[in-house]
Amino acid sequence: MKRASVAFLIILAVVCLVSLGFAAVDKDAIKKQVDEIVAAIDGGKTADDFKDAAKREPYYVFIMKEDGMLLVHPSLVGQSLKEKAAPVFDAVAKATPAGLWVDYEWQGKMKHSYVRKTKNALIVGSGYSD
């Protein structure tokens, strides 16, 4: 009986560790994705060149103007984030040319986004939810 309990606990521990591995957020991948898009825009590409980035899984990309107009987003293209969700806009608008992580609540979930400004003041971001 003791062996069966130990075996069960080992199996349970392995399952928990494996599930944690699948749930892990790859912050480096998020940062790399944003950094690459910023470099491309700084090199002459436009936000329109990255429309498909809004469909990327698991970390979609958004691009907006400084005034909050979303140019790339899964569902809010052409809308003002400033008007739609001012607290989210306020967090994302803190973007710098060096990039930084910001936290905000969106539709009842905590979000964490890496945001960075391009040379022409577009804000590129991507992140994850808790």
# chains A, B, ... in the order shown; residues from 1 in each chain; ligands from 1
$ select_by_dssp --residues "segment 38-103 of chain A" --states "strand (DSSP E or B)" --output "PyMOL selection string"
chain A and resi 61-64+69-72+80+96+100-103
$ write_last_selection --atoms "all heavy atoms" --output "JSON list (two decimals), in the first residue's frame"
[["chain", "number", "residue", "atom", "x", "y", "z"],
["A", 61, "VAL", "N", 0.02, 40.68, -31.35],
["A", 61, "VAL", "CA", 0.67, 41.99, -31.33],
["A", 61, "VAL", "C", -0.38, 43.07, -31.58],
["A", 61, "VAL", "O", -1.32, 42.86, -32.33],
["A", 61, "VAL", "CB", 1.76, 42.06, -32.44],
["A", 61, "VAL", "CG1", 2.31, 43.47, -32.58],
["A", 61, "VAL", "CG2", 2.86, 41.06, -32.14],
["A", 62, "PHE", "N", -0.20, 44.22, -30.95],
["A", 62, "PHE", "CA", -1.01, 45.39, -31.26],
["A", 62, "PHE", "C", -0.06, 46.54, -31.58],
["A", 62, "PHE", "O", 1.06, 46.61, -31.07],
["A", 62, "PHE", "CB", -1.98, 45.75, -30.14],
["A", 62, "PHE", "CG", -1.33, 46.09, -28.83],
["A", 62, "PHE", "CD1", -0.95, 47.39, -28.54],
["A", 62, "PHE", "CD2", -1.12, 45.10, -27.87],
["A", 62, "PHE", "CE1", -0.36, 47.71, -27.32],
["A", 62, "PHE", "CE2", -0.54, 45.41, -26.66],
["A", 62, "PHE", "CZ", -0.15, 46.71, -26.37],
["A", 63, "ILE", "N", -0.52, 47.42, -32.46],
["A", 63, "ILE", "CA", 0.24, 48.61, -32.81],
["A", 63, "ILE", "C", -0.74, 49.78, -32.79],
["A", 63, "ILE", "O", -1.83, 49.69, -33.36],
["A", 63, "ILE", "CB", 0.88, 48.50, -34.21],
["A", 63, "ILE", "CG1", 1.82, 47.28, -34.27],
["A", 63, "ILE", "CG2", 1.64, 49.79, -34.56],
["A", 63, "ILE", "CD1", 2.39, 47.01, -35.66],
["A", 64, "MET", "N", -0.34, 50.85, -32.12],
["A", 64, "MET", "CA", -1.23, 52.01, -32.07],
["A", 64, "MET", "C", -0.43, 53.30, -32.20],
["A", 64, "MET", "O", 0.77, 53.34, -31.95],
["A", 64, "MET", "CB", -2.06, 52.02, -30.78],
["A", 64, "MET", "CG", -1.36, 52.43, -29.54],
["A", 64, "MET", "SD", -2.54, 52.54, -28.16],
["A", 64, "MET", "CE", -1.53, 53.48, -27.02],
["A", 69, "MET", "N", -5.17, 55.52, -31.42],
["A", 69, "MET", "CA", -5.80, 54.86, -32.56],
["A", 69, "MET", "C", -5.08, 53.54, -32.84],
["A", 69, "MET", "O", -3.88, 53.54, -33.09],
["A", 69, "MET", "CB", -5.76, 55.76, -33.79],
["A", 69, "MET", "CG", -6.49, 55.18, -34.99],
["A", 69, "MET", "SD", -8.25, 54.85, -34.72],
["A", 69, "MET", "CE", -8.85, 56.48, -34.33],
["A", 70, "LEU", "N", -5.83, 52.46, -32.79],
["A", 70, "LEU", "CA", -5.25, 51.13, -33.02],
["A", 70, "LEU", "C", -5.15, 50.84, -34.51],
["A", 70, "LEU", "O", -6.15, 50.88, -35.24],
["A", 70, "LEU", "CB", -6.08, 50.06, -32.31],
["A", 70, "LEU", "CG", -5.88, 50.07, -30.79],
["A", 70, "LEU", "CD1", -7.07, 49.48, -30.08],
["A", 70, "LEU", "CD2", -4.61, 49.34, -30.43],
["A", 71, "LEU", "N", -3.93, 50.56, -34.95],
["A", 71, "LEU", "CA", -3.66, 50.24, -36.36],
["A", 71, "LEU", "C", -3.61, 48.73, -36.59],
["A", 71, "LEU", "O", -3.94, 48.25, -37.67],
["A", 71, "LEU", "CB", -2.32, 50.87, -36.77],
["A", 71, "LEU", "CG", -2.20, 52.37, -36.56],
["A", 71, "LEU", "CD1", -0.77, 52.83, -36.86],
["A", 71, "LEU", "CD2", -3.21, 53.11, -37.43],
["A", 72, "VAL", "N", -3.17, 47.99, -35.57],
["A", 72, "VAL", "CA", -3.11, 46.54, -35.62],
["A", 72, "VAL", "C", -3.64, 46.02, -34.28],
["A", 72, "VAL", "O", -3.16, 46.43, -33.21],
["A", 72, "VAL", "CB", -1.66, 46.04, -35.84],
["A", 72, "VAL", "CG1", -1.57, 44.52, -35.71],
["A", 72, "VAL", "CG2", -1.14, 46.50, -37.20],
["A", 80, "SER", "N", -10.20, 53.92, -31.06],
["A", 80, "SER", "CA", -9.30, 54.60, -30.14],
["A", 80, "SER", "C", -9.28, 53.88, -28.79],
["A", 80, "SER", "O", -10.32, 53.78, -28.12],
["A", 80, "SER", "CB", -9.75, 56.05, -29.92],
["A", 80, "SER", "OG", -9.00, 56.63, -28.87],
["A", 96, "THR", "N", 8.32, 53.30, -24.06],
["A", 96, "THR", "CA", 9.54, 54.07, -24.31],
["A", 96, "THR", "C", 10.27, 53.44, -25.50],
["A", 96, "THR", "O", 9.99, 52.30, -25.86],
["A", 96, "THR", "CB", 10.48, 54.03, -23.09],
["A", 96, "THR", "OG1", 10.93, 52.68, -22.91],
["A", 96, "THR", "CG2", 9.79, 54.53, -21.83],
["A", 100, "LEU", "N", 9.35, 48.55, -22.15],
["A", 100, "LEU", "CA", 9.11, 48.23, -20.75],
["A", 100, "LEU", "C", 7.84, 47.39, -20.62],
["A", 100, "LEU", "O", 7.04, 47.33, -21.55],
["A", 100, "LEU", "CB", 8.99, 49.51, -19.90],
["A", 100, "LEU", "CG", 7.77, 50.38, -20.16],
["A", 100, "LEU", "CD1", 7.05, 50.63, -18.84],
["A", 100, "LEU", "CD2", 8.22, 51.70, -20.73],
["A", 101, "TRP", "N", 7.70, 46.75, -19.47],
["A", 101, "TRP", "CA", 6.51, 45.95, -19.17],
["A", 101, "TRP", "C", 5.51, 46.83, -18.42],
["A", 101, "TRP", "O", 5.90, 47.58, -17.52],
["A", 101, "TRP", "CB", 6.87, 44.74, -18.32],
["A", 101, "TRP", "CG", 7.56, 43.68, -19.11],
["A", 101, "TRP", "CD1", 8.90, 43.51, -19.27],
["A", 101, "TRP", "CD2", 6.93, 42.64, -19.85],
["A", 101, "TRP", "NE1", 9.14, 42.44, -20.09],
["A", 101, "TRP", "CE2", 7.95, 41.88, -20.45],
["A", 101, "TRP", "CE3", 5.60, 42.27, -20.07],
["A", 101, "TRP", "CZ2", 7.69, 40.77, -21.26],
["A", 101, "TRP", "CZ3", 5.34, 41.16, -20.87],
["A", 101, "TRP", "CH2", 6.37, 40.44, -21.45],
["A", 102, "VAL", "N", 4.24, 46.75, -18.80],
["A", 102, "VAL", "CA", 3.17, 47.47, -18.11],
["A", 102, "VAL", "C", 2.07, 46.48, -17.74],
["A", 102, "VAL", "O", 1.90, 45.45, -18.39],
["A", 102, "VAL", "CB", 2.59, 48.62, -18.98],
["A", 102, "VAL", "CG1", 3.65, 49.69, -19.23],
["A", 102, "VAL", "CG2", 2.01, 48.11, -20.29],
["A", 103, "ASP", "N", 1.34, 46.81, -16.69],
["A", 103, "ASP", "CA", 0.24, 45.97, -16.21],
["A", 103, "ASP", "C", -1.05, 46.78, -16.22],
["A", 103, "ASP", "O", -1.04, 47.98, -15.92],
["A", 103, "ASP", "CB", 0.50, 45.51, -14.77],
["A", 103, "ASP", "CG", 1.80, 44.76, -14.63],
["A", 103, "ASP", "OD1", 2.08, 43.89, -15.47],
["A", 103, "ASP", "OD2", 2.55, 45.04, -13.66]]
$ closest_residue --among "A:Tyr60, A:Gly68, A:Ser75, A:Ala54" --to "Val88 of chain A" --atoms "only C-alpha atoms"
A:Gly68
$ select_by_dssp --residues "segment 39-121 of chain A" --states "alpha helix (DSSP H)" --output "list in words"
Ala39, Ala40, Ile41, Asp42, Leu81, Lys82, Glu83, Lys84, Ala86, Pro87, Val88, Phe89, Asp90, Ala91 and Val92 of chain A
$ closest_residue --among "A:Lys31, A:His112, A:Lys94, A:Lys117" --to "Lys65 of chain A" --atoms "only C-alpha atoms"
A:Lys117
$ closest_residue --among "A:Val25, A:Val77, A:Ala47, A:Ala40" --to "Asp130 of chain A" --atoms "only C-alpha atoms"
A:Val25
$ atom_distance --atom1 "atom CA of Asp67 of chain A" --atom2 "atom CA of Phe50 of chain A"
19.3 Å
